[in-house]
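Visitor: Structure incoming, see below.
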Amino acid sequence: MKRLLATLLALLTPSAALPKEEAAHEASTNFDKKHVAPFLERATHLFESGFGPAEVKKVAALMEKIKMDEEKELTFSVKFKGQVVPLRVRLFMDDIDAFDLYIFSSAEVAAQVTALIKKFGEEHGI
């Protein structure tokens, strides 16, 4: 019961309260704007909860507000392989139609996202 309560509390904790050092491992790439949301939609399948279509919409909405040479970040509390971990998604607009996408999380999440970036890039010829 205590474990269940701890998990529920962790899922309900505001994501801004998650320590950044818990999300110290990085997966990153540069995508044309048109590829960011489809990639993130594919990445939702890595998580049991905490990063689904609603969170992808939040990132896409944030992307629309970013100006050239500006950086913005959102943090989510996700469940990955039964563990609640932070997931930080950072966007930097370095070109009018392209973004640097950084995802910070646990080492295992970062490794899986990196593999997904490679696969997605191969599938789309990028």
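Ordering of the structure tokens sets the chain letters (A, B, ...); residue numbers start at 1 within each chain; ligands are numbered from 1 in the order shown.
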Quick one: residues within 12 Å of stretch 65-67 of chain A, only C-alpha atoms, excluding same-chain residues fewer than 5 positions away - as a list in words?
Guide: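 Residues near the query, excluding close chain neighbours: Lys33, Lys58, Val59, Ala60, Lys72, Glu73, Arg90, Leu91, Phe92, Met93, Asp94, Asp95, Ile96, Asp97, Ala98, Phe99 and Asp100 of chain A.
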Visitor: Name the residues in contact with A:Phe39 at a cut-off of 9 Å, using only C-alpha atoms, excluding same-chain residues fewer than 6 positions from it; report them as a list in words.
Guide: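 Residues meeting the cut-off are Leu116, Ile117 and Phe120 of chain A.
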Visitor: Could you go through chain A and tell me which residues DSSP, when run on the backbone, assigns to helix (DSSP H, G or I), listing them as number ranges by chain?
Guide: A: 2-12, 15-17, 20-23, 33-46, 53-65, 107-124
Visitor: Any idea what's packed within 12 Å of stretch 43-50 of chain A, counting only C-alpha atoms, ignoring anything in its chain fewer than 3 positions away? Could you give it as a ChimeraX atom specification?
Guide: /A:7-8,10-15,27,36-40,53-57,75-89,103,108-117,119-120
Visitor: Got time to write the residues from that selection, N, CA and C atoms, as a compact mmCIF listing (two decimals), in the first residue's frame?
Guide:
# COMPACT_ATOMS: atom_id res chain seq x y z
N THR A 7 3.88 5.88 -5.44
CA THR A 7 3.79 6.00 -6.90
C THR A 7 2.75 7.04 -7.29
N LEU A 8 1.60 7.00 -6.65
CA LEU A 8 0.56 8.00 -6.93
C LEU A 8 1.04 9.40 -6.60
N ALA A 10 4.12 10.45 -6.59
CA ALA A 10 5.13 10.83 -7.58
C ALA A 10 4.48 11.25 -8.89
N LEU A 11 3.41 10.55 -9.29
CA LEU A 11 2.72 10.91 -10.52
C LEU A 11 1.98 12.24 -10.41
N LEU A 12 1.56 12.58 -9.20
CA LEU A 12 0.81 13.82 -8.98
C LEU A 12 1.71 15.00 -8.65
N THR A 13 2.97 14.75 -8.40
CA THR A 13 3.90 15.82 -8.06
C THR A 13 4.10 16.71 -9.27
N PRO A 14 4.04 18.02 -9.09
CA PRO A 14 4.28 18.91 -10.23
C PRO A 14 5.65 18.62 -10.83
N SER A 15 5.69 18.52 -12.16
CA SER A 15 6.92 18.13 -12.83
C SER A 15 8.05 19.12 -12.59
N ALA A 27 19.47 12.62 -24.95
CA ALA A 27 19.30 12.15 -26.31
C ALA A 27 18.93 13.40 -27.11
N VAL A 36 9.05 16.93 -35.79
CA VAL A 36 9.13 16.93 -34.31
C VAL A 36 7.95 16.18 -33.69
N ALA A 37 6.72 16.60 -34.00
CA ALA A 37 5.55 15.96 -33.39
C ALA A 37 5.43 14.48 -33.78
N PRO A 38 5.62 14.12 -35.06
CA PRO A 38 5.55 12.69 -35.38
C PRO A 38 6.59 11.85 -34.63
N PHE A 39 7.79 12.40 -34.45
CA PHE A 39 8.80 11.67 -33.67
C PHE A 39 8.34 11.50 -32.22
N LEU A 40 7.85 12.59 -31.62
CA LEU A 40 7.40 12.51 -30.23
C LEU A 40 6.22 11.55 -30.08
N PRO A 53 -0.41 11.43 -26.07
CA PRO A 53 -0.86 12.43 -27.04
C PRO A 53 -1.06 13.84 -26.45
N ALA A 54 -1.56 13.93 -25.23
CA ALA A 54 -1.78 15.25 -24.62
C ALA A 54 -0.45 15.98 -24.40
N GLU A 55 0.58 15.23 -23.99
CA GLU A 55 1.88 15.84 -23.75
C GLU A 55 2.56 16.23 -25.07
N VAL A 56 2.36 15.42 -26.10
CA VAL A 56 2.90 15.77 -27.42
C VAL A 56 2.24 17.07 -27.91
N LYS A 57 0.95 17.21 -27.65
CA LYS A 57 0.25 18.45 -28.03
C LYS A 57 0.83 19.66 -27.28
N THR A 75 8.87 19.77 -18.61
CA THR A 75 9.26 18.59 -17.84
C THR A 75 8.01 17.79 -17.50
N PHE A 76 8.14 16.49 -17.68
CA PHE A 76 7.04 15.58 -17.41
C PHE A 76 7.52 14.51 -16.43
N SER A 77 6.60 13.96 -15.69
CA SER A 77 6.87 12.83 -14.82
C SER A 77 6.29 11.61 -15.54
N VAL A 78 7.16 10.70 -15.97
CA VAL A 78 6.72 9.56 -16.77
C VAL A 78 6.98 8.25 -16.04
N LYS A 79 6.24 7.24 -16.43
CA LYS A 79 6.47 5.91 -15.89
C LYS A 79 7.14 5.08 -16.98
N PHE A 80 8.34 4.61 -16.67
CA PHE A 80 9.14 3.84 -17.61
C PHE A 80 9.60 2.56 -16.93
N LYS A 81 9.17 1.43 -17.46
CA LYS A 81 9.50 0.12 -16.89
C LYS A 81 9.20 0.06 -15.39
N GLY A 82 8.04 0.57 -15.03
CA GLY A 82 7.58 0.50 -13.65
C GLY A 82 8.14 1.56 -12.71
N GLN A 83 9.04 2.39 -13.20
CA GLN A 83 9.65 3.43 -12.37
C GLN A 83 9.22 4.82 -12.85
N VAL A 84 8.96 5.70 -11.92
CA VAL A 84 8.64 7.08 -12.27
C VAL A 84 9.95 7.85 -12.40
N VAL A 85 10.14 8.45 -13.58
CA VAL A 85 11.36 9.22 -13.86
C VAL A 85 10.99 10.54 -14.52
N PRO A 86 11.83 11.56 -14.37
CA PRO A 86 11.57 12.82 -15.06
C PRO A 86 11.93 12.70 -16.53
N LEU A 87 11.22 13.43 -17.34
CA LEU A 87 11.49 13.52 -18.77
C LEU A 87 11.44 15.00 -19.13
N ARG A 88 12.60 15.55 -19.46
CA ARG A 88 12.66 16.96 -19.87
C ARG A 88 12.78 17.03 -21.38
N VAL A 89 11.92 17.80 -22.01
CA VAL A 89 11.93 17.98 -23.45
C VAL A 89 12.27 19.45 -23.71
N ILE A 103 16.22 15.61 -25.23
CA ILE A 103 15.42 14.88 -24.25
C ILE A 103 16.36 14.41 -23.16
N GLU A 108 18.72 4.83 -19.27
CA GLU A 108 18.02 3.87 -20.11
C GLU A 108 17.01 4.55 -21.04
N VAL A 109 16.31 5.55 -20.53
CA VAL A 109 15.38 6.29 -21.39
C VAL A 109 16.15 6.99 -22.50
N ALA A 110 17.24 7.66 -22.15
CA ALA A 110 18.04 8.37 -23.15
C ALA A 110 18.56 7.41 -24.22
N ALA A 111 18.99 6.22 -23.81
CA ALA A 111 19.48 5.23 -24.78
C ALA A 111 18.37 4.78 -25.72
N GLN A 112 17.19 4.56 -25.18
CA GLN A 112 16.07 4.12 -26.03
C GLN A 112 15.61 5.23 -26.96
N VAL A 113 15.62 6.47 -26.47
CA VAL A 113 15.23 7.59 -27.33
C VAL A 113 16.27 7.78 -28.43
N THR A 114 17.55 7.62 -28.11
CA THR A 114 18.62 7.73 -29.12
C THR A 114 18.42 6.68 -30.21
N ALA A 115 18.11 5.45 -29.83
CA ALA A 115 17.85 4.39 -30.81
C ALA A 115 16.64 4.73 -31.67
N LEU A 116 15.62 5.31 -31.04
CA LEU A 116 14.42 5.70 -31.78
C LEU A 116 14.72 6.84 -32.75
N ILE A 117 15.56 7.78 -32.34
CA ILE A 117 15.97 8.87 -33.23
C ILE A 117 16.64 8.30 -34.48
N LYS A 119 16.38 5.24 -35.77
CA LYS A 119 15.41 4.50 -36.58
C LYS A 119 14.48 5.47 -37.34
N PHE A 120 13.99 6.48 -36.65
CA PHE A 120 13.10 7.47 -37.26
C PHE A 120 13.82 8.19 -38.40
Visitor: Name the closest residue to A:Glu64 among the candidates A:Tyr102, A:His124, A:Lys34, A:Glu41; distances are taken between atoms, counting only C-alpha atoms.
Guide: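 Checking each candidate against A:Glu64, we get A:Lys34 as the closest.
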Visitor: Compare A:Glu70, A:Arg42, A:Gly121, A:Leu101 by their minimum atom-to-atom distance to A:Asn30, counting only C-alpha atoms, and give me the closest one.
Guide: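 Closest to A:Asn30 of all the choices is A:Leu101.
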Visitor: Find, counting only C-alpha atoms, the residue in A:His25, A:Phe31, A:Met63, A:Gly52 that gets nearest to A:Lys118.
Guide: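 Smallest distance to A:Lys118 is found for A:Phe31.
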Visitor: Rounded to one decimal, what separation in Å do you get between atom CA of A:Leu74 and atom CA of A:Phe51?
Guide: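 Atom CA of A:Leu74 sits 11.3 Å away from atom CA of A:Phe51.
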Visitor: If you run DSSP on the backbone here, which positions in stretch 10-111 of chain A get strand (DSSP E or B)? Please write them as number ranges by chain.
Guide: A: 25-32, 49, 71-80, 83-95, 98-105
